[in-house]
Structure formats: C-alpha cells, structure tokens
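What follows is a set of notes on a single structure, which appears directly below.
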Amino acid sequence: MEEFFDQEFLARLEHLSLQTRRIRAGQHSGERRSPHKGSSVEFADFRNYSIGDDFRHIDWNAYARTEKLFLKLFMEEQDLLLNIFIDVSQSMEWGDPPKNRLVRQLAGAFAYLALASYDRVAVGGCSDGLDYYLPPVRGRSSLARVWDFVAGLPIGGKTDLNQALRDYGQYARGPGVALVLSDFLSPGGFRDGIKYLQYLKQEVILLQVLSPDDLNPRLRGDLRLVDSETGEAREVTITAGLLKVYRRKLAEFTADIQGFCRQRGMSFIQLSSTESFEDVILRILPRAGVLG
Amino acid sequence: MHLLNPAGWWFAAIIPIIIIMYLLKPRYQEQLISSTYLWEQALRDIEASQPWQRLKRNLLLFLQLLAAAFLVLALTRPYFPVAGGVESHVIAVLDSSGSMRATDVSPTRFDEACRQVEKLINELGPRDEMTLIGMGTRTEVLAARSRNRGELRRALNQVQVGAGNADLEAVLSLVSSLTREEDNALLVIFSDGHTIPVKSKIQLACPVELRRIGRGDDNTAIMTLAVRGEGARTVTMARIKNYSSQPVETGLELLADENLVDVRELKLKAGAARDVFWEELPAGTEVVQARLTRPDSLNLDNQAWAVVEKSDESKVLLVSEGNIFMEKALALIPGVKVFKTTPDSFNVEMGGYQAYVFDGWLPKELPAQNMLVINPPPGNPLVKVGEEHGIIEQMTAVGEDPLLKYVELEGWQLARSRPINCPNWARPLLEHEKTPLLVAGEYANRRVAVLGFDLHDTNIPLQTGFPILINNLGAWLLPEPTDAAVLESSGDFIRLAPRTETKEIILTHPGGEEQRFEPPFPAVLPVAESGVYCIAWCMEEEQVVSRVAKNPGDNLESDIKPRSLPWSGMVASSGEGSRRATNREIWPWLLGLALLTLVGEWEVYRRGY
C-alpha cells in the first residue's frame with residue numbers, strides 16, 4: 001500500500017477533500033437527488049450502523065428498544081455506488097512513470113472522496129476477466145481496506161475489457177457510477193463491455209492513462225517491437241514518416257473513443273502517466289465535469 | 001565519351017545488390033513496448049506482410065544507387081578526347097634567357113611560361129611522359145621521361161630565369177637525339193622567340209609547337225658601357241638603344257664609384273641607337289655605372305657597369321730587320337709603346353718588355369713573355385714550318401675567334417707563304433685549304449701567335465683589316481696588369497689566370513656575397529647576376545684587387561619583341577595539323593561525386609528522412 005498511498009499522498013488527499021465535495025455522476029446528475037435535500041424527506045429503511053457512519057443519523061429510539069445501533073435511511077438519500085474498474089494487465093506496468101501508478105493513485109483518491117461522502121465503493125481488477133473484485137464497502141473506516149485492495153492488485157495478463165466488464169454483471173446491484181481506468185489499448189476492444197455497464201445502469205467515466213512512450217514514441221531504426229502483454233513481435237523500420245503515421249493513428253484512436261463516449265453520454269479523459277494525480281483531481285477532472 | 005576500362009561495367013552488379021538489400025527485410029533489434037496495438041494500425045497502412053516488401057520511394061535508396069552509379073562509371077574510366085592536347089611523349093622546353101624577365105606579361109614572361117608548362121603537365125594523360133628542358137645559356141634536362149606530375153612540378157619550380165642567351169641549337173640537338181626512335185613525341189617550346197640563331201640544319205622527326213610568350217616591345221637598353229684611358233684623359237662611352245616601336249624619352253645617369261656625376265636627357269626614335277660620351281671622370285674612379293631612369297618592360301638592361309682600365313703603358317719590343325707596317329700597326333694600339341731592334345742586336349737579357357714581336361727570326365732561347373712571331377724560319381723551336389707555298393688568293397677564318405673580331409679577310413692575298421703545322425698548344429685562326437697561316441695558343445706559360453708569311457709578300461698591310469688584327473693580337477698578347485680575370489664572351493663565366501704566388505682568391509658578387517677559393521683554383525667561376533664582381537688576389541704579403549663588370553645589355557635579349565624561332569627547320573615541322581587529340585579522364589570527378597553523394601546519404605540518414 002505504501003507504494004502508491006504514502007503519507008504525502010494522504011496529506012495531499014486531505015487537502016483535496018476540502019476543495020472537492022463529491023463525485024458528480026456524469027452530465028445527468030440531475031436524475032439523482034442531492035443528499036442535502038435528502039435529509040428532510042421520508043423514511044425508507046433501517047440498516048446496521050457501521051464504524052464511520054454519521055452518528056447523527058442513528059435512530060436513538062430503536063437503540064433504546066433493541067440496544068442496537070441502526071441508521072435511518074431515507075429513499076431520496078440513496079447512496080451512490082462507485083465501481084472502480086482498474087486495468088491490471090501487463091501493459092499498465094509500462095512507461096516512465098508506469099501508467100499503473102497514476103491509475104492506482106486515482107482509484108485511491110476516488111475511493112477516498114466517495115467514502116468521505118458516505119458513498120459506497122466497489123473495486124474490480126481487470127485483465128482478461130474480472131479477476132479481482134472488492135464488493136461495495138461504505139464509510140471512512142473502509143478506506144484502508146479499499147486502499148489495501150487497490151495497492152495489492154497484481155499486474156499481469158492480457159487486456160480484455162469486454163470480458164472483464166461482462167464478468168461484473170454477477171455482482172451488479174442497482175445503478176451506480178462506473179469509473180474505468182485503463183490504457184484501452186485492447187486488441188479485443190472495450191465497447192461491448194462499456195455498453196454492458198450502461199445496461200447495468202452505470203454512469204460510465206473512462207479515464208485513459210497512456211505513457212509518454214505511447215503518446216510520443218522516441219524509437220528509431222530497424223526494430224522488432226514486442227508487445228509486453230502478448231509477446232507478439234512486429235518487425236518495423238521506424239522512420240520519421242512512420243512516426244507521423246503512428247501519431248495520426250493515435251489521434252484517430254482517441255477521437256474514436258471520444259466520439260463513442262459523446263454519443264452514449266459518457267465522460268472520457270485522456271491522461272499522461274506523467275501527470276500528478278493532484279493535478280488530475282483538481283484541474284483536469286473538474287474541467288471535464290467529472291468532479292465538482 | 002569513351003571508356004578506357006569497359007570491364008568496369010561488371011561492378012554495376014552492385015546496383016541490383018543494393019536494390020535486393022532494400023527488398024529484403026533487415027535484421028531487427030528487439031524492443032519491448034507496452035502494446036503493439038497502435039503500431040499495428042500504423043503499419044497496416046505502409047507495409048505489406050510478404051517476405052519481400054514493395055520497393056518504396058526511399059531517398060536513401062536513391063542516393064545509394066546514385067553513389068553506386070558514380071563509382072561504377074568511375075571504374076570504367078571514361079574519357080573525353082581533348083583537342084589540342086598533348087602527345088604521349090611531350091618535350092617541354094622552357095626559355096630561361098634574359099628576355100624572359102620582361103614584365104609585359106604579368107608578372108613576367110618567365111612566370112607566364114612556367115604557368116603554361118604547369119598547365120601542360122596537368123593536361124598530361126596517365127600514359128603520357130614528359131621531358132622538361134631548361135633553355136638558357138646552358139641546356140638543362142630538368143626531368144626526363146617522367147609520368148610523375150609531382151616530380152615534373154618540382155623540376156619546374158627549380159628553374160631559375162637567367163640573364164644570358166637561349167641556346168636553341170643545343171636544345172634541338174638534344175631533342176633530336178631524344179626523339180630519333182620515337183614517332184609519338186611532341187616538342188613544345190615556351191619562349192619569346194629570342195634565341196641564338198640555329199646555324200646547322202637540324203630537322204626533327206617530331207612536331208614542334210612554339211607557345212610564344214610576351215606581347216610588348218617597350219624596352220630601352222644600355223648596350224655598351226666602356227671606359228678607356230687615353231693619355232691623361234678617361235673617355236666613357238655608352239650606347240643606348242630604343243628597341244620599342246615608339247619613340248621614348250629617358251634620362252641617362254652616370255655614376256662614378258656610386259656617386260652621381262651626370263644626367264642627360266635622351267630622345268630616341270623607334271629602333272634608334274645613340275652613343276653618349278663623357279670626357280671627364282673624377283680622378284681615381286674605379287667603377288663607372290650608367291642608368292636609364294625610365295622604367296620599361298625589361299629593367300634588367302637599364303643599367304650597365306664598366307671598370308676603368310689602368311692606364312699603365314705596355315712596352316713591346318719589335319725584333320726585325322725592318323718592318324714599317326708592323327711598327328705603325330703596333331703603335332696604333334692604345335697604351336702601347338713600341339721599341340725596336342734587329343735580330344743581331346737582340347739579347348734575351350733585354351728585359352722590361354711585356355711582349356715581343358719577332359719578324360722572320362727567332363732567338364734560340366725564347367723570352368718568357370708573350371710574343372708574336374712573323375714568318376718563322378724553318379727549324380725554329382716553336383713551330384714546324386712547311387714547304388714554301390705559292391700564290392694564295394683566298395684565306396678563311398677558322399670559327400669565330402675573338403682575335404679575328406671585326407677583321408675583314410676579303411681581298412687578302414699572299415704571293416708566298418710558309419704554311420705552318422699547327423702545334424698541339426695552338427689553335428688555327430686563319431687557313432688556306434686546311435693549311436694554317438695564323439695560329440695562336442699558350443706555349444709554356446706564355447701566349448704566342450705565329451703568322452706563317454712575310455708581310456712584305458702580301459697585300460695585307462694595305463687592307464683595313466690589318467691594323468685591327470694587330471690590335472686584337474696586341475690586346476691578347478699584352479699581359480693584364482695583375483692576375484687576369486676576364487669575363488668570357490658568353491658572359492656567364494669569369495676566367496681566372498692566377499699567378500703561382502696567389503694563395504687565395506676572394507670573389508665578391510655584386511650583391512656583396514663572398515666566395516673564397518684556395519688552390520687548386522677553378523679555371524672559371526660561373527656568374528649570373530649583372531654588376532661589378534670584385535676579385536681579390538691574396539698573396540703572401542699583398543692583396544691585389546681587380547674588377548670585372550658583367551652587363552646585361554645584349555642585342556638578343558634586349559630586343560624583347562616576341563617573334564618566331566630563328567630556325568629554318570621550325571616551319572617544316574610545326575603547325576596545328578601535327579597536334580593529335582589526347583584523352584582527358586573524368587574518373588576523379590566521378591569519384592568526388594560519389595563521395596559527395598555518400599556524405600549526403602549519411603546526412604539524410606542522420607536526420608531520419
């Protein structure tokens with residue numbers, strides 16, 4: 001855990017939490033009621049108190065009757081479920097700094113922000129399937145657990161986002177926000193999986209993290225390019241002309257994802273692994289309307 | 001364009017090899033990357049998946065093919081026939097005579113000639129040979145049959161322009177022997193045409209080309225500067241000639257021992273000469289110098305020097321039964337006092353005379369001084385006298401001896417003569433049908449001239465040539481006041497005649513440079529620079545100094561107007577028709593282009609186009 005979420009990260013996150021109120025569920029957040037209004041509307045249910053819950057919502061009458069702590073839940077104050085899908089395939093280990101680092105720091109930060117806002121957080125580790133899954137947890141007390149889970153996700157295997165997101169179907173319980181962190185350099189594509197998330201009533205946010213070498217490769221000469229995930233090799237003479245074509249293809253690829261997301265009402269943000277997570281949370285994501 | 005080495009085309013096989021190398025995929029260096037996903041997409045556009053790739057428009061390939069094409073073409077050794085080029089054995093003759101110092105061609109004619117010779121060296125084909133000959137007073141072979149251009153250039157750089165005449169005849173004799181067996185030789189003469197005329201009939205088998213150097217003729221020269229003591233007087237005479245085709249005005253300065261004595265203004269018409277006299281010179285003057293103030297194309301001959309002769313009188317003893325002609329003729333020699341006696345009264349002890357003249361008689365014991373013997377009796381110790389000969393109506397001069405200078409032999413007739421057998425020590429001067437009539441030479445350290453007839457049996461004393469002959473003989477017989485140092489007629493050597501007591505000779509050049517000589521002394525000393533040479537004769541107790549003036553003024557060299565060679569054989573063998581084309585190879589250029597292309601290719605590769 002120390003590898004990604006050190007003391008400095010924590011300190012910066014505390015600072016962030018003062019400036020960022022909560023996760024905005026896509027552009028259609030109007031469909032969900034504001035939690036501030038929710039406190040004054042009708043009662044819906046009880047649930048067990050867990051450490052970290054706001055004790056102002058404890059039903060002291062029920063406690064008097066049963067000597068157990070229950071929280072009063074209101075229909076309109078239905079909490080948000082944030083599903084964080086982290087790409088843990090081999091390609092994420094690549095780059096300087098590795099894409100993996102920013103991805104996990106962002107996942108940790110989102111989890112913190114969500115848990116601080118009394119939202120639930122579930123985390124999935126994706127490679128060629130949903131290999132690791134942390135069911136939804138709630139409350140600040142769960143932060144350590146989430147971070148442990150995020151930091152402990154092992155890297156390896158190929159990317160198959162379609163399969164991984166399809167695997168999530170078995171855990172899905174109701175609507176939520178799905179944050180997919182990946183480089184999306186998946187030969188099998190990812191669109192079907194994303195569409196499936198939408199089918200599961202998830203507000204989808206795509207965060208693409210690419211290394212500087214992905215964005216602007218500095219290779220020259222006759223090279224046998226070996227894919228870090230598949231081990232497949234491609235012999236190529238890299239010239240200035242080819243690099244130009246590569247950059248054009250990358251731009252086309254990015255534009256393609258953006259178009260797809262815009263069509264389906266999703267958020268898409270491309271990030272370089274050299275960005276600091278702080279910058280991303282404070283500047284890039286609010287500008288894109290993901291945080292507010 | 002033609003090819004010297006068509007086999008070089010085989011190297012063109014390199015071109016398809018280069019193309020095959022581009023068709024074949026190269027060996028790749030392994031590089032791990034995060035994902036080939038985007039690379040696959042990029043490559044799909046520009047690369048096929050077969051083992052052979054399509055030949056693409058590649059700048060590197062083009063440059064490599066271009067370099068290979070240049071190299072292959074260079075290997076075939078293409079050449080162009082160059083008109084007016086040179087033959088396979090070129091004999092270049094470079095005139096280094098005095099007139100080549102003229103500055104009508106910048107910087108000088110000689111430099112221009114050197115430049116043209118160098119150009120000819122550069123034009124030589126790879127199989128051509130060149131012989132480089134320097135034509136001055138002496139003929140020098142500077143490089144013989146060389147294909148090495150560096151050696152030829154070095155030899156060319158060693159040539160120095162002289163002040164003497166160019167001896168074309170010697171050069172032609174040399175070239176004639178060099179080219180006797182050759183049919184591919186070409187003689188190219190770089191000259192202004194001023195050479196010693198060729199008298200013998202030399203015909204060359206090879207073509208001859210004169211590259212005439214020079215344009216102008218603007219030159220005024222001091223032809224002669226002479227000083228002669230006449231009694232107490234010293235008369236200086238300078239002859240100035242204007243060789244240009246325009247009239248000139250010039251100042252003439254006279255310096256006595258480097259002090260300016262007089263300046264005269266001269267106006268000379270085109271081609272005109274004028275004698276200028278000065279009657280007086282400061283007492284004790286040793287060296288006189290004349291200088292023309294107007295600069296012209298050849299400044300070499302704008303000054304001249306003369307050494308003032310010592311006015312000591314020489315005493316000559318005429319031993320004769322009576323010869324009024326000889327008496328009169330001897331008395332005409334300047335500075336000579338004639339004494340006479342009869343054979344009966346003669347005694348070898350009668351010393352104090354610088355020369356003796358024996359007429360029809362010889363003492364048994366010869367005096368140690370120089371002598372002129374007229375009509376020697378048979379059985380004398382000097383020469384063997386032949387049978388008496390009848391009338392001789394014509395006699396001929398042998399060679400061009402200075403003793404016969406200005407002597408006209410026309411009309412000389414003999415009623416009787418006693419032909420002499422030319423002894424080993426003498427050379428014949430006058431002869432009739434190979435029988436010597438006058439001989440001269442050095443006999444036992446004395447100069448002796450022998451005339452094989454009695455003057456009374458001839459009409460010679462009545463001819464104008466007679467006093468001149470006697471004057472010449474007198475000048476030759478009368479000893480120099482000290483050890484003799486005489487400038488040879490060629491002007492290139494000082495001839496030394498040191499006395500036995502001379503221990504050392506110091507020659508001081510006009511520039512001040514000193515040369516010391518110890519016995520055995522050289523007979524001649526080469527001199528090049530014009531000016532006054534000072535010769536110090538060092539003896540046991542005393543040192544005697546004599547001076548010799550070497551002057552540049554020369555009718556042949558001062559007339560700088562370029563002209564044809566004075567050689568009748570020239571016309572027959574020269575001309576454009578004799579010049580054949582040569583091959584100029586271009587492979588060095590092609591090699592240079594190939595290198596340039598490779599440098600360009602490297603730069604293109606470095607920039608990653």
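Every chain in the structure tokens has a letter given in the order shown (A, B, ...), and although residue numbers restart at 1 in each chain, ligands are simply numbered from 1 in the order shown.
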May I have the residues of chain A within 8 Å of chain B, counting only C-alpha atoms, written as a PDB file with C-alpha atoms, in the first residue's frame?
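Just written: part04.pdb:
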ATOM      1  CA  GLN A  90       0.792  -6.223 -18.220  1.00  0.00           C
ATOM      2  CA  SER A  91       0.743  -3.132 -20.434  1.00  0.00           C
ATOM      3  CA  MET A  92      -0.154  -0.971 -17.422  1.00  0.00           C
ATOM      4  CA  GLU A  93       3.215  -1.708 -15.895  1.00  0.00           C
ATOM      5  CA  TRP A  94       4.799   0.151 -18.825  1.00  0.00           C
ATOM      6  CA  GLY A  95       6.036   3.717 -19.059  1.00  0.00           C
ATOM      7  CA  LEU A 185      -5.031  -0.468 -25.882  1.00  0.00           C
ATOM      8  CA  SER A 186      -7.023  -3.676 -26.046  1.00  0.00           C
ATOM      9  CA  PRO A 187      -6.939  -5.590 -29.299  1.00  0.00           C
ATOM     10  CA  ASP A 214       2.636   5.712 -26.075  1.00  0.00           C
ATOM     11  CA  ASP A 222      15.087  -1.246 -37.558  1.00  0.00           C
ATOM     12  CA  LEU A 223      13.267  -2.702 -34.568  1.00  0.00           C
ATOM     13  CA  ARG A 224      11.370  -5.819 -33.623  1.00  0.00           C
ATOM     14  CA  LEU A 225       8.586  -4.383 -31.463  1.00  0.00           C
ATOM     15  CA  VAL A 226       7.474  -6.914 -28.856  1.00  0.00           C
ATOM     16  CA  ASP A 227       4.090  -6.498 -27.189  1.00  0.00           C
ATOM     17  CA  SER A 228       4.578  -6.643 -23.414  1.00  0.00           C
ATOM     18  CA  GLU A 229       1.235  -8.400 -22.925  1.00  0.00           C
ATOM     19  CA  ARG A 234       6.291  -6.841 -35.150  1.00  0.00           C
ATOM     20  CA  GLU A 235       9.321  -6.003 -37.286  1.00  0.00           C
ATOM     21  CA  VAL A 236       9.374  -2.463 -38.389  1.00  0.00           C
ATOM     22  CA  THR A 239      11.311   6.378 -39.824  1.00  0.00           C
ATOM     23  CA  ALA A 240      10.055   9.873 -39.337  1.00  0.00           C
ATOM     24  CA  GLY A 241       7.321   9.004 -41.820  1.00  0.00           C
ATOM     25  CA  LEU A 242       6.159   6.011 -39.784  1.00  0.00           C
ATOM     26  CA  VAL A 245       1.524   7.776 -39.240  1.00  0.00           C
ATOM     27  CA  TYR A 246       1.635   6.466 -35.645  1.00  0.00           C
ATOM     28  CA  LYS A 249      -3.386   6.719 -35.707  1.00  0.00           C
ATOM     29  CA  LEU A 250      -3.220   7.666 -32.014  1.00  0.00           C
TER      30      LEU A 250
END
Residue contacts of Leu210 (chain B) (7 Å, only C-alpha atoms) excluding same-chain residues fewer than 5 positions away, as number ranges by chain: B: 188-190
Preceding selection exported with N, CA and C atoms as a short mmCIF file (atom, residue, chain, number, x, y, z; two decimals), in the first residue's frame:
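The resulting out_4.cif:
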data_model
loop_
_atom_site.label_atom_id
_atom_site.label_comp_id
_atom_site.auth_asym_id
_atom_site.auth_seq_id
_atom_site.Cartn_x
_atom_site.Cartn_y
_atom_site.Cartn_z
N VAL B 188 57.31 21.08 -77.42
CA VAL B 188 56.61 22.34 -77.16
C VAL B 188 57.62 23.30 -76.55
N ILE B 189 57.83 24.42 -77.25
CA ILE B 189 58.82 25.39 -76.78
C ILE B 189 58.10 26.61 -76.23
N PHE B 190 58.36 26.91 -74.98
CA PHE B 190 57.76 28.08 -74.34
C PHE B 190 58.82 29.18 -74.36
#
Helix (DSSP H, G or I) call set, DSSP backbone run, region 398-479 of chain B, as a PyMOL selection string: chain B and resi 402-404+455-457+460-462+465-477
Within 12 Å of Thr254 (chain A) using only C-alpha atoms, minus same-chain residues under 5 positions, as a VMD selection string: (chain A and resid 183 to 185 206 to 210 215 247 to 249 259 to 261 268 to 271) or (chain B and resid 38)
Strand (DSSP E) residues, from DSSP on the backbone, in region 94-216 of chain A, as a ChimeraX atom specification: /A:120-126,130-137,176-182,202-210
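Near Ser176 (chain B), within a cut-off of 9 Å and counting only C-alpha atoms, sit the residues Ile202, Gln203, Leu204, Ala205 and Cys206 of chain B, with same-chain residues fewer than 6 positions away left out.
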Resulting file, chosen residues, C-alpha atoms, as a compact mmCIF listing (two decimals), in the first residue's frame:
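The resulting selection20.txt:
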# COMPACT_ATOMS: atom_id res chain seq x y z
CA ILE B 202 68.53 20.38 -87.75
CA GLN B 203 65.34 18.68 -88.75
CA LEU B 204 63.23 16.99 -86.13
CA ALA B 205 61.03 14.00 -86.77
CA CYS B 206 58.53 15.12 -84.17
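Between CA of Thr103 (chain B) and CA of Val248 (chain B) the interatomic distance comes to 17.6 Å.
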Residues near region 408-419 of chain B, cut-off 8 Å, only C-alpha atoms, skip fewer than 2 positions along chain, as number ranges by chain: B: 375, 385-397, 406, 421, 435-437, 452-454, 457-460, 463-465
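Nearest to Ile586 (chain B) of all the residues B:Arg149, B:Lys328, B:Arg606, B:Arg77 is B:Arg77, counting only C-alpha atoms.
Rounded to one decimal, CA of Cys534 (chain B) and CA of Phe110 (chain B) lie 29.5 Å from each other.
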Leu298 (chain B) environment, 9 Å, only C-alpha atoms, sequence neighbours closer than 2 positions dropped, as an MDAnalysis selection string: chainID B and resid 98:104 218:221 295:296 300:302 558 560
Spatial neighbours of region 154-156 of chain B, max dist 8 Å, only C-alpha atoms, sep filter under 5 positions, as an MDAnalysis selection string: chainID B and resid 114 118 132 142:143
Export, as a short mmCIF file (atom, residue, chain, number, x, y, z; two decimals), in the first residue's frame, the selected residues with N, CA and C atoms.
data_model
loop_
_atom_site.label_atom_id
_atom_site.label_comp_id
_atom_site.auth_asym_id
_atom_site.auth_seq_id
_atom_site.Cartn_x
_atom_site.Cartn_y
_atom_site.Cartn_z
N CYS B 114 56.12 29.39 -67.11
CA CYS B 114 56.03 28.34 -66.08
C CYS B 114 54.58 27.93 -65.87
N GLU B 118 53.02 24.28 -66.47
CA GLU B 118 52.28 23.57 -65.43
C GLU B 118 50.92 23.12 -65.96
N LEU B 132 61.33 17.66 -69.42
CA LEU B 132 61.35 19.10 -69.22
C LEU B 132 62.78 19.60 -69.38
N LEU B 142 65.72 18.93 -66.94
CA LEU B 142 65.24 19.05 -65.56
C LEU B 142 64.49 17.80 -65.13
N ALA B 143 63.79 17.18 -66.06
CA ALA B 143 63.10 15.93 -65.77
C ALA B 143 63.07 15.15 -67.07
#
Between CA of Glu8 (chain A) and CA of Arg101 (chain A), distance in Å (one decimal): 14.5 Å
